[in-house]
Amino acid sequence: MTLTILAQITAAEGKVDLVRNELEKLVPITRAEAGCLQYDLHVDNENPGFFVFYENWESRELWQTHMNAPHLKAYMDATDGAVTQFVLNEMSKVA
């Protein structure tokens, strides 16, 4: 059974470009990871500081490997104090 992740990231005022650049760096690296079926970054049309990742993974275990990857740690270090809110939902497809 695949795992869908919805990750919502809100950048702090004045940090939008930094957060966006760091999020964009994650895309090609993550798409190449084992188990990654889909990894799409979206930005709100009305709020350029609100981002959403829509992800699909082969399994929760492979997603957990991703969450512990060095490029995720690098992102966390680079955006320390630049993100005001992070909401993550692990989801299962219903229909």
# chains A, B, ... in the order shown; residues from 1 in each chain; ligands from 1
$ residues_around --residues "region 43-50 of chain A" --least-positions-apart "5" --cutoff "6 Å" --atoms "only C-alpha atoms" --output "PyMOL selection string"
chain A and resi 9-11+16
$ select_by_dssp --residues "region 12-54 of chain A" --states "alpha helix (DSSP H)" --output "list in words"
Val16, Asp17, Leu18, Val19, Arg20, Asn21, Glu22, Leu23, Glu24, Lys25, Leu26, Val27, Pro28, Ile29, Thr30 and Arg31 of chain A
$ residues_around --residues "His42 (chain A)" --least-positions-apart "6" --cutoff "12 Å" --atoms "only C-alpha atoms" --output "ChimeraX atom specification"
/A:6-10,20,23-24,27,48-55
$ select_by_dssp --residues "region 8-72 of chain A" --states "strand (DSSP E)" --output "VMD selection string"
chain A and resid 8 to 11 36 to 43 50 to 57
$ residues_around --residues "Leu62 (chain A)" --least-positions-apart "6" --cutoff "8 Å" --atoms "only C-alpha atoms" --output "list in words"
Ala34, Gly35 and Cys36 of chain A
$ write_last_selection --atoms "all heavy atoms" --output "PDB file, in the first residue's frame"
ATOM      1  N   ALA A  34      14.933   5.865  -3.622  1.00  0.00           N
ATOM      2  CA  ALA A  34      14.197   4.604  -3.672  1.00  0.00           C
ATOM      3  C   ALA A  34      12.831   4.798  -3.016  1.00  0.00           C
ATOM      4  O   ALA A  34      12.730   5.388  -1.935  1.00  0.00           O
ATOM      5  CB  ALA A  34      14.971   3.512  -2.940  1.00  0.00           C
ATOM      6  N   GLY A  35      11.804   4.348  -3.684  1.00  0.00           N
ATOM      7  CA  GLY A  35      10.458   4.396  -3.117  1.00  0.00           C
ATOM      8  C   GLY A  35       9.675   5.648  -3.412  1.00  0.00           C
ATOM      9  O   GLY A  35       8.476   5.705  -3.134  1.00  0.00           O
ATOM     10  N   CYS A  36      10.307   6.667  -3.978  1.00  0.00           N
ATOM     11  CA  CYS A  36       9.590   7.911  -4.285  1.00  0.00           C
ATOM     12  C   CYS A  36       8.830   7.746  -5.593  1.00  0.00           C
ATOM     13  O   CYS A  36       9.413   7.545  -6.652  1.00  0.00           O
ATOM     14  CB  CYS A  36      10.550   9.090  -4.389  1.00  0.00           C
ATOM     15  SG  CYS A  36       9.720  10.649  -4.754  1.00  0.00           S
TER      16      CYS A  36
END
$ closest_residue --among "A:Met91, A:Leu3, A:His71, A:Phe86" --to "Pro28 (chain A)" --atoms "only C-alpha atoms"
A:His71
$ closest_residue --among "A:Ala32, A:Met76, A:Leu26, A:Ile5" --to "Asn89 (chain A)" --atoms "only C-alpha atoms"
A:Ile5
$ decode --residues "region 10-28 of chain A" --atoms "C-alpha atoms" --output "PDB file, in the first residue's frame"
ATOM      1  CA  THR A  10       4.869  28.473   5.890  1.00  0.00           C
ATOM      2  CA  ALA A  11       7.872  30.757   5.487  1.00  0.00           C
ATOM      3  CA  ALA A  12       8.562  33.566   7.930  1.00  0.00           C
ATOM      4  CA  GLU A  13       8.153  37.119   6.682  1.00  0.00           C
ATOM      5  CA  GLY A  14      11.250  38.138   4.770  1.00  0.00           C
ATOM      6  CA  LYS A  15      12.373  34.504   4.384  1.00  0.00           C
ATOM      7  CA  VAL A  16      10.166  33.417   1.470  1.00  0.00           C
ATOM      8  CA  ASP A  17      12.943  33.331  -1.126  1.00  0.00           C
ATOM      9  CA  LEU A  18      15.284  31.423   1.193  1.00  0.00           C
ATOM     10  CA  VAL A  19      12.661  28.792   2.033  1.00  0.00           C
ATOM     11  CA  ARG A  20      11.553  28.416  -1.582  1.00  0.00           C
ATOM     12  CA  ASN A  21      15.118  27.982  -2.822  1.00  0.00           C
ATOM     13  CA  GLU A  22      15.852  25.365  -0.170  1.00  0.00           C
ATOM     14  CA  LEU A  23      12.597  23.493  -0.905  1.00  0.00           C
ATOM     15  CA  GLU A  24      13.343  23.483  -4.633  1.00  0.00           C
ATOM     16  CA  LYS A  25      16.750  21.904  -3.937  1.00  0.00           C
ATOM     17  CA  LEU A  26      14.983  18.911  -2.368  1.00  0.00           C
ATOM     18  CA  VAL A  27      12.948  18.028  -5.461  1.00  0.00           C
ATOM     19  CA  PRO A  28      15.474  16.396  -7.821  1.00  0.00           C
TER      20      PRO A  28
END
